Every structure is written in C-alpha cells, then in structure tokens.
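Novice: Let me give you the structure first, and then I'll get to my questions.
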Amino acid sequence: MKLLLFENDNINNAIPISLYSYIFFPDDYVIISKSPKSIFRKYFSANTNKYIQLENIFVLNNEGATIGISVYGFNIIDKVYYSPDMHSPSLTNHKDVSLERINPKENSLNKYNWTSASYTVGYATPAYKNSQYLNHKEENSYIYFDKEYFSPDNNGADDVLTINLNLAKTPVSANIYIYTENGILIKKLINNQIISKIDKIYWDGTNDDSIIMPPTNYILYFEIASIDGSVYKEKKICYLVKK
C-alpha cells in the first residue's frame with residue numbers, strides 16, 4: 001500500500017510519502033520530514049534510523065491547517081485540523097513544542113484528543129511513542145517513590161529520590177513543591193510545567209539555591225491540572241538520610 005500526504009483537504013495535490021515500499025510493524029514509529037537528521041540533532045531519539053525523507057514536503061502553517069494521510073485512489077486514512085489552541089494552556093511559547101495525539105483510538109478531529117508534548121522528554125518524541133500516549137482509561141491516579149528514603153552523598157547508591165507518576169487523566173500542567181516538616185517551602189521541583197501521564201521525576205536533595213538539605217523528613221506536595229479542568233492533589237513524605 002502506497003501512502004500520500006496532503007494538506008488543507010487538497011487531496012488532488014497530495015505528495016507520495018515514499019516511492020518505494022516501506023514496512024510498518026505494530027507499535028512502529030517513523031518521522032516524515034524534509035530534514036529528519038536535523039530533528040534528531042535537536043531532540044532525543046533511540047530510533048534515528050526510523051524516518052522517511054521528502055524533498056518537496058509542504059511547510060505547515062503555525063497558525064493552523066489540515067494535514068492527512070491517504071492511499072492511492074484518494075481514500076483518506078486519517079486527518080487532523082491542528083491549531084495553537086490545542087497546546088497546553090500552561091504554555092506561553094509553543095515554539096519547538098510538538099502537538100501529540102493522546103489516544104490513537106479516539107477521533108483525531110477531536111481537539112481535546114491533542115495536547116503538548118511533555119517537557120520531561122524535551123517537548124518532542126521523534127520516532128517513538130508520544131509522551132502523552134494513552135490507549136485505555138484508568139480510574140485512579142497514584143504517585144509513588146522507588147524508595148521513600150535517599151541519601152544524596154554521590155556514592156552511587158540511592159543518591160536521588162525517584163518519583164513515579166501514573167495519572168488517570170492527561171495532565172496539562174503540574175506543580176511539585178517540597179516543604180520541610182515545619183511547612184517551609186524549600187524547592188519548586190516542577191513549577192507550572194507539562195509532564196506526561198506516566199512519568200518519572202527526580203529530586204537530588206537540593207533546595208532552590210542548589211544547596212543539599214540536611215537529613216530529615218520532607219513533604220512533597222503535588223498539584224496536577226488535567227485536560228478536563230480537574231485538579232489532582234496529593235501529599236507524600238520522603239526521608240533524606242545520611243549513611
């Protein structure tokens with residue numbers, strides 16, 4: 001099957017994606033670009049051989065347009081109308097930030113099925129799974145640590161606190177603040193930034209001035225706004241220890 005790429009519903013001027021056969025496997029990813037190597041230089045990817053280079057690809061309008069894929073015979077496989085309004089509202093600058101489809105099983109024309117890529121992946125995931133990927137619905141959110149204690153002494157064992165997030169809803173912005181037992185704010189670990197639905201965040205034991213904090217208990221406060229307007233809040237305690 002040969003595929004065509006078209007914009008603004010102008011299917012009569014569609015561009016062949018490849019003049020040769022290209023095999024896609026389940027859960028396979030590929031980027032289509034005029035200069036794929038420049039994309040791989042800008043963003044991390046473990047699949048730098050997964051690309052199709054087109055010499056005459058059209059330039060997409062940052063203000064919004066329609067882009068789609070069809071087969072010869074003009075049967076449309078999928079298309080989307082994109083606009084800056086589909087980005088996370090917490091972002092004031094959309095430059096170099098990818099729009100990601102959240103659920104591949106949901107309608108691509110549903111603007112709420114799109115959001116900005118997570119900052120934890122550098123705002124793009126070329127040739128691998130979207131950072132905001134979701135193909136099922138979970139009822140509960142949960143946050144947990146690999147270990148509740150850590151010792152930031154740079155000895156190679158338990159040097160950082162690993163925070164695991166598994167969220168029921170797609171986040172659009174997040175705050176993770178760290179407090180002392182007395183309620184004094186010492187660290188804005190994440191401050192109004194985009195994270196992924198399933199993500200890992202790390203704390204190295206420093207405050208906002210990059211000073212290692214003394215051994216004691218610390219409170220982590222999570223406030224995560226979702227794409228539907230709801231806000232998930234949770235507090236957890238960790239233990240900074242000295243070995």
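Letters A, B, ... mark the chains of the structure tokens in the order given; residue numbers begin at 1 per chain; ligand numbers begin at 1, in order shown.
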Could you produce a table of the residues of range 16-69 of chain A lying within 8 Å of range 80-99 of chain A, with the nearest pair of atoms per residue and their separation in Å rounded to one decimal, using only C-alpha atoms, ordered by chain and increasing residue number, as JSON lines?

Specialist:
```
{"residue": "A:Asn62", "atom": "CA", "partner": "A:Pro84", "partner_atom": "CA", "distance": 7.3}
{"residue": "A:Glu63", "atom": "CA", "partner": "A:Ser83", "partner_atom": "CA", "distance": 5.9}
{"residue": "A:Gly64", "atom": "CA", "partner": "A:Ser83", "partner_atom": "CA", "distance": 4.1}
{"residue": "A:Ala65", "atom": "CA", "partner": "A:Tyr81", "partner_atom": "CA", "distance": 5.6}
{"residue": "A:Thr66", "atom": "CA", "partner": "A:Tyr81", "partner_atom": "CA", "distance": 4.2}
{"residue": "A:Ile67", "atom": "CA", "partner": "A:Val80", "partner_atom": "CA", "distance": 5.7}
{"residue": "A:Gly68", "atom": "CA", "partner": "A:Val80", "partner_atom": "CA", "distance": 6.3}
```

Novice: Excluding range 169-178 of chain A and its own-chain neighbours fewer than 2 positions away, which residues fall within 8 Å of it when counting only C-alpha atoms? Please give them as a count of residues only.

Specialist: 34

Novice: Compile the contact shell of Thr48 in chain A as a count of residues only: residues with an atom at most 8 Å away, counting only C-alpha atoms, same-chain residues fewer than 6 positions apart removed.

Specialist: 3

Novice: Kindly indicate which residue among A:Ile39, A:Ile77, A:Ile211, A:Leu3 lies nearest to Pro126 in chain A, using only C-alpha atoms for the distances.

Specialist: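 Closest residue, counting only C-alpha atoms: A:Ile39.
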
Novice: Which of these residues is nearest to Ile17 in chain A, using only C-alpha atoms: A:Tyr51, A:Trp203, A:Tyr29, A:Tyr123?

Specialist: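 Under the stated criterion, the closest residue is A:Tyr51.
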
Novice: Restricting the calculation to only C-alpha atoms: of A:Gly183, A:Gly205, A:Gly229, A:Gly122, which residue gets closest to Asp159 in chain A?

Specialist: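 Ranking A:Gly183, A:Gly205, A:Gly229, A:Gly122 by distance to Asp159 in chain A, first place goes to A:Gly205.
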
Novice: Using only C-alpha atoms, which residue out of A:Ser45, A:Asn130, A:Ser118, A:Thr216 lies closest to Asn103 in chain A?

Specialist: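 Under the stated criterion, the closest residue is A:Asn130.
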
Novice: DSSP on the backbone, then: every residue of range 3-238 of chain A marked alpha helix (DSSP H), written as a ChimeraX atom specification.

Specialist: /A:36-42

Novice: With N, CA and C atoms kept, could you save the residues just selected as an mmCIF file, in the first residue's frame?

Specialist:
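Everything below was put into selection-v9.cif:
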```
data_model
loop_
_atom_site.group_PDB
_atom_site.id
_atom_site.type_symbol
_atom_site.label_atom_id
_atom_site.label_comp_id
_atom_site.auth_asym_id
_atom_site.auth_seq_id
_atom_site.Cartn_x
_atom_site.Cartn_y
_atom_site.Cartn_z
ATOM 1 N N PRO A 36 15.130 15.146 8.381
ATOM 2 C CA PRO A 36 14.972 14.361 9.609
ATOM 3 C C PRO A 36 16.200 14.375 10.508
ATOM 4 N N LYS A 37 17.387 14.460 9.922
ATOM 5 C CA LYS A 37 18.597 14.432 10.747
ATOM 6 C C LYS A 37 18.695 15.662 11.638
ATOM 7 N N SER A 38 18.186 16.794 11.159
ATOM 8 C CA SER A 38 18.200 17.996 11.998
ATOM 9 C C SER A 38 17.242 17.840 13.177
ATOM 10 N N ILE A 39 16.156 17.100 12.974
ATOM 11 C CA ILE A 39 15.226 16.833 14.072
ATOM 12 C C ILE A 39 15.883 15.953 15.120
ATOM 13 N N PHE A 40 16.599 14.926 14.661
ATOM 14 C CA PHE A 40 17.269 14.034 15.606
ATOM 15 C C PHE A 40 18.408 14.729 16.344
ATOM 16 N N ARG A 41 18.993 15.742 15.723
ATOM 17 C CA ARG A 41 20.025 16.510 16.433
ATOM 18 C C ARG A 41 19.405 17.385 17.520
ATOM 19 N N LYS A 42 18.200 17.823 17.291
ATOM 20 C CA LYS A 42 17.539 18.742 18.231
ATOM 21 C C LYS A 42 16.874 18.009 19.388
#
```
